[in-house]
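> Dropping in structure08.txt, which is compact mmCIF, C-alpha atoms and all ligand atoms:
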```txt
# COMPACT_ATOMS: atom_id res chain seq x y z
CA MET A 1 14.05 136.65 141.33
CA THR A 2 13.92 133.35 143.18
CA ALA A 3 16.12 132.64 146.16
CA GLN A 4 18.02 130.03 144.15
CA ARG A 5 18.76 132.48 141.33
CA MET A 6 19.95 135.06 143.80
CA LEU A 7 22.38 132.54 145.28
CA ILE A 8 23.79 131.70 141.85
CA SER A 9 24.22 135.38 141.01
CA ALA A 10 26.01 135.96 144.31
CA ALA A 11 28.32 133.01 143.64
CA LEU A 12 29.17 134.36 140.18
CA LEU A 13 29.93 137.78 141.60
CA MET A 14 32.25 136.25 144.17
CA CYS A 15 34.11 134.29 141.50
CA ALA A 16 34.60 137.42 139.45
CA ALA A 17 36.06 139.17 142.47
CA LEU A 18 38.71 136.54 143.18
CA PRO A 19 42.22 138.03 142.86
CA ALA A 20 43.41 135.12 140.71
CA ARG A 21 40.90 136.06 138.02
CA ALA A 22 42.04 139.65 138.09
CA ALA A 23 45.68 138.70 137.32
CA SER A 24 46.91 140.41 134.18
CA ARG A 25 47.88 137.26 132.32
CA PRO A 26 46.59 133.70 132.55
CA VAL A 27 49.13 131.28 133.94
CA ALA A 28 48.18 128.20 131.95
CA ASP A 29 49.24 129.65 128.62
CA SER A 30 51.93 127.26 127.55
CA THR A 31 51.08 126.58 123.93
CA VAL A 32 54.78 125.98 123.36
CA GLN A 33 55.22 123.02 125.68
CA PRO A 34 51.69 121.89 126.59
CA SER A 35 53.03 119.10 128.82
CA VAL A 36 54.94 121.50 131.07
CA LYS A 37 53.24 121.96 134.42
CA ILE A 38 53.10 125.61 135.46
CA MET A 39 52.84 126.26 139.19
CA PRO A 40 50.82 129.42 139.82
CA THR A 41 52.54 132.36 141.53
CA PRO A 42 50.89 135.52 142.94
CA ASP A 43 52.37 137.73 140.22
CA GLY A 44 50.76 135.63 137.48
CA VAL A 45 54.11 134.70 135.91
CA GLY A 46 54.06 131.12 137.20
CA LEU A 47 56.94 128.80 137.95
CA VAL A 48 58.29 125.80 136.05
CA LYS A 49 60.77 123.49 137.73
CA LEU A 50 62.05 120.48 135.80
CA SER A 51 65.16 118.34 136.16
CA ASP A 52 67.92 118.54 133.59
CA GLU A 53 66.87 115.11 132.30
CA GLU A 54 63.29 116.28 131.83
CA TRP A 55 64.38 119.41 129.93
CA LYS A 56 66.63 117.29 127.73
CA LYS A 57 63.72 115.07 126.74
CA LEU A 58 61.35 117.97 126.20
CA LEU A 59 63.42 120.45 124.20
CA LYS A 60 64.97 120.35 120.75
CA ALA A 61 68.78 120.05 120.90
CA ASP A 62 69.46 123.71 120.01
CA ALA A 63 66.89 125.04 122.48
CA TYR A 64 68.26 122.78 125.22
CA SER A 65 71.85 123.90 124.70
CA ILE A 66 70.86 127.59 124.92
CA LEU A 67 68.09 127.55 127.54
CA ARG A 68 69.61 125.03 129.92
CA LYS A 69 73.36 125.17 129.13
CA LYS A 70 73.67 128.92 128.41
CA GLY A 71 74.79 128.34 124.83
CA THR A 72 74.72 130.95 122.06
CA GLU A 73 73.65 130.39 118.47
CA PHE A 74 75.84 131.74 115.67
CA ALA A 75 75.03 135.26 114.50
CA PHE A 76 72.76 135.39 111.43
CA SER A 77 71.97 131.69 111.89
CA GLY A 78 68.74 131.80 113.90
CA LYS A 79 65.21 131.88 112.53
CA TYR A 80 64.13 135.24 114.01
CA TRP A 81 66.88 137.87 113.56
CA LYS A 82 65.25 139.04 110.33
CA ASN A 83 61.67 138.14 111.20
CA HIS A 84 59.50 141.21 110.59
CA THR A 85 56.09 139.64 111.15
CA LYS A 86 53.88 141.10 113.87
CA GLY A 87 53.40 138.87 116.87
CA VAL A 88 54.70 137.71 120.22
CA TYR A 89 57.90 135.89 121.13
CA ARG A 90 57.48 133.27 123.86
CA CYS A 91 59.98 131.24 125.85
CA ALA A 92 60.64 127.99 123.96
CA GLY A 93 60.90 126.20 127.29
CA CYS A 94 57.78 127.21 129.17
CA GLY A 95 55.69 129.42 126.86
CA LEU A 96 55.94 132.64 128.88
CA GLU A 97 55.45 135.72 126.69
CA LEU A 98 58.77 137.61 126.50
CA TYR A 99 58.71 140.25 123.75
CA THR A 100 56.41 141.67 121.10
CA SER A 101 57.36 142.58 117.54
CA ASP A 102 56.61 146.24 118.46
CA THR A 103 59.86 146.51 120.45
CA LYS A 104 62.03 144.55 118.01
CA PHE A 105 64.64 146.55 116.10
CA GLU A 106 67.43 146.06 113.57
CA SER A 107 70.59 145.82 115.67
CA GLY A 108 72.81 144.53 112.87
CA THR A 109 74.16 141.84 115.19
CA GLY A 110 72.46 138.84 113.59
CA TRP A 111 70.49 138.09 116.75
CA PRO A 112 66.86 139.10 117.37
CA SER A 113 67.05 142.32 119.39
CA PHE A 114 64.45 144.13 121.47
CA TRP A 115 64.49 147.35 123.47
CA GLN A 116 62.01 146.18 126.10
CA PRO A 117 60.43 142.94 127.36
CA ILE A 118 56.65 142.50 127.19
CA ALA A 119 56.50 142.93 131.00
CA ALA A 120 59.28 143.81 133.40
CA ASN A 121 58.69 140.71 135.51
CA HIS A 122 58.75 138.27 132.60
CA VAL A 123 62.54 138.34 132.39
CA ARG A 124 65.20 138.59 135.05
CA VAL A 125 68.77 139.74 134.77
CA ALA A 126 71.77 137.99 136.32
CA THR A 127 75.49 138.66 136.18
CA ASP A 128 77.40 136.43 133.77
CA ASN A 129 81.19 136.30 134.17
CA THR A 130 81.96 133.74 131.47
CA LEU A 131 84.27 134.39 128.50
CA GLY A 132 86.38 136.76 130.62
CA MET A 133 83.84 139.59 130.63
CA GLU A 134 81.03 140.77 132.84
CA ARG A 135 77.72 140.74 131.05
CA ASP A 136 74.08 140.92 132.10
CA GLU A 137 72.44 137.61 131.39
CA VAL A 138 68.70 137.56 130.59
CA GLN A 139 66.69 134.64 131.91
CA CYS A 140 63.06 133.62 131.59
CA ALA A 141 61.35 134.52 134.87
CA ARG A 142 59.17 131.41 134.80
CA CYS A 143 61.58 128.56 133.97
CA GLY A 144 64.97 130.22 134.55
CA GLY A 145 66.03 129.40 131.00
CA HIS A 146 68.93 131.37 129.52
CA LEU A 147 67.68 133.64 126.73
CA GLY A 148 70.61 135.93 125.93
CA HIS A 149 72.14 139.15 127.29
CA VAL A 150 71.13 142.78 127.73
CA PHE A 151 73.39 145.72 126.81
CA ASN A 152 73.19 149.49 127.25
CA ASP A 153 73.56 150.42 123.58
CA GLY A 154 69.97 150.05 122.39
CA PRO A 155 67.66 152.64 120.85
CA ALA A 156 65.34 155.11 122.64
CA PRO A 157 63.30 155.13 124.73
CA THR A 158 65.04 152.54 126.95
CA HIS A 159 68.49 152.53 125.30
CA LEU A 160 68.63 148.84 126.12
CA ARG A 161 69.40 146.03 123.70
CA TYR A 162 68.02 142.65 124.69
CA CYS A 163 70.13 140.38 122.49
CA MET A 164 68.25 137.10 122.27
CA ASN A 165 68.81 133.66 120.81
CA SER A 166 66.17 132.62 118.27
CA ALA A 167 66.24 129.00 119.44
CA ALA A 168 65.34 130.05 123.00
CA MET A 169 62.06 131.53 121.78
CA GLN A 170 58.99 130.59 119.81
CA PHE A 171 57.28 133.20 117.69
CA VAL A 172 53.48 133.32 117.61
CA PRO A 173 52.21 135.51 114.74
CA ALA A 174 49.42 138.00 115.51
CA LYS A 175 46.00 136.91 114.31
ZN ZN B 201 60.69 129.94 130.19
```
Represent the supplied structure as structure tokens.

Amino acid sequence: MTAQRMLISAALLMCAALPARAASRPVADSTVQPSVKIMPTPDGVGLVKLSDEEWKKLLKADAYSILRKKGTEFAFSGKYWKNHTKGVYRCAGCGLELYTSDTKFESGTGWPSFWQPIAANHVRVATDNTLGMERDEVQCARCGGHLGHVFNDGPAPTHLRYCMNSAAMQFVPAK
């Protein structure tokens, strides 16, 4: 092996050892909104920060009203509550993977319901005191978009029910 080849091999080995490459999920995975700039974060989730004006331009009206204004679509009106295709549900704002079809279940509510997110750090839960009740709001961990709420009446093994809005997500069928 020549000295030059050895140098190249060493450089490749070093690249492979970089922590960023070892992150579980790639950060630049926004197939939903390709123009959204994702700032890398150490946990691999990434961060998206846009102004309200920018979100308004980028999102469809129904997605904007839910993700950015904490709206709720009518039950049985969304495109995913009865979707039974295998695949992954991503945030319609920033493309972060949120749920897989494997944890989706029939809740009878008319909203797409899951018993677990795809990764614990892909969603975050906040307290929502609107409508005169205390509920746990579910937000996208990357863009902060409002996705829905989580309740304690779901099926085993978690007994959680992540009650989502279809318009806040984009479904990507499995290949
Ligand atoms: Zn998002």
> Which residue is closest to A:Asn129? Choose from A:Arg142, A:Arg68, A:Lys60, A:His149 and count all atoms listed in the file.
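Smallest distance to A:Asn129 is found for A:His149.
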> If you count all atoms listed in the file, which residues fall within 6 Å of A:Gly46, apart from same-chain ones fewer than 5 positions away, as a PyMOL selection string?
chain A and resi 27+38-41+142
> Fewer than 5 positions away in the same chain doesn't count, so skip those; otherwise give me all residues within 8 Å of A:Gly148, counting all atoms listed in the file, as number ranges by chain.
A: 72, 137-139, 162-165
> Which residue out of A:Ile118, A:Ile66, A:Cys91, A:Leu160 has the minimum interatomic distance to ligand ZN 201 (chain B) when only C-alpha atoms and all ligand atoms are used?
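Once distances to ligand ZN 201 (chain B) are computed over only C-alpha atoms and all ligand atoms, the minimum belongs to A:Cys91.
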> I'd like the interatomic distance between atom CA of A:Thr103 and atom CA of A:Leu59, to a tenth of an Å.
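Between these atoms lies a distance of 26.6 Å.
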> Which protein, DNA or RNA residues have an atom within 7 Å of ligand ZN 201 (chain B), counting only C-alpha atoms and all ligand atoms, as a PyMOL selection string?
chain A and resi 91-96+140-145
> I'd like the interatomic distance between atom CA of A:Ala120 and atom CA of A:Val150, to a tenth of an Å.
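Separation of atom CA of A:Ala120 and atom CA of A:Val150: 13.2 Å.
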> Rank nothing, just name the residue among A:Lys86, A:Val36, A:Leu58, A:Leu131 nearest to A:Lys175, using all atoms listed in the file.
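Ranked by minimum distance to A:Lys175, first place goes to A:Lys86.
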> Expressed in Å to a single decimal, how great is the separation between atom CA of A:Arg135 and atom CA of A:Val88?
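If I compute the distance from atom CA of A:Arg135 to atom CA of A:Val88, I get 25.6 Å.
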> Quick one: of A:Arg161, A:Lys70, A:Lys79, A:His146, who's nearest to A:Ser107, counting only C-alpha atoms?
A:Arg161
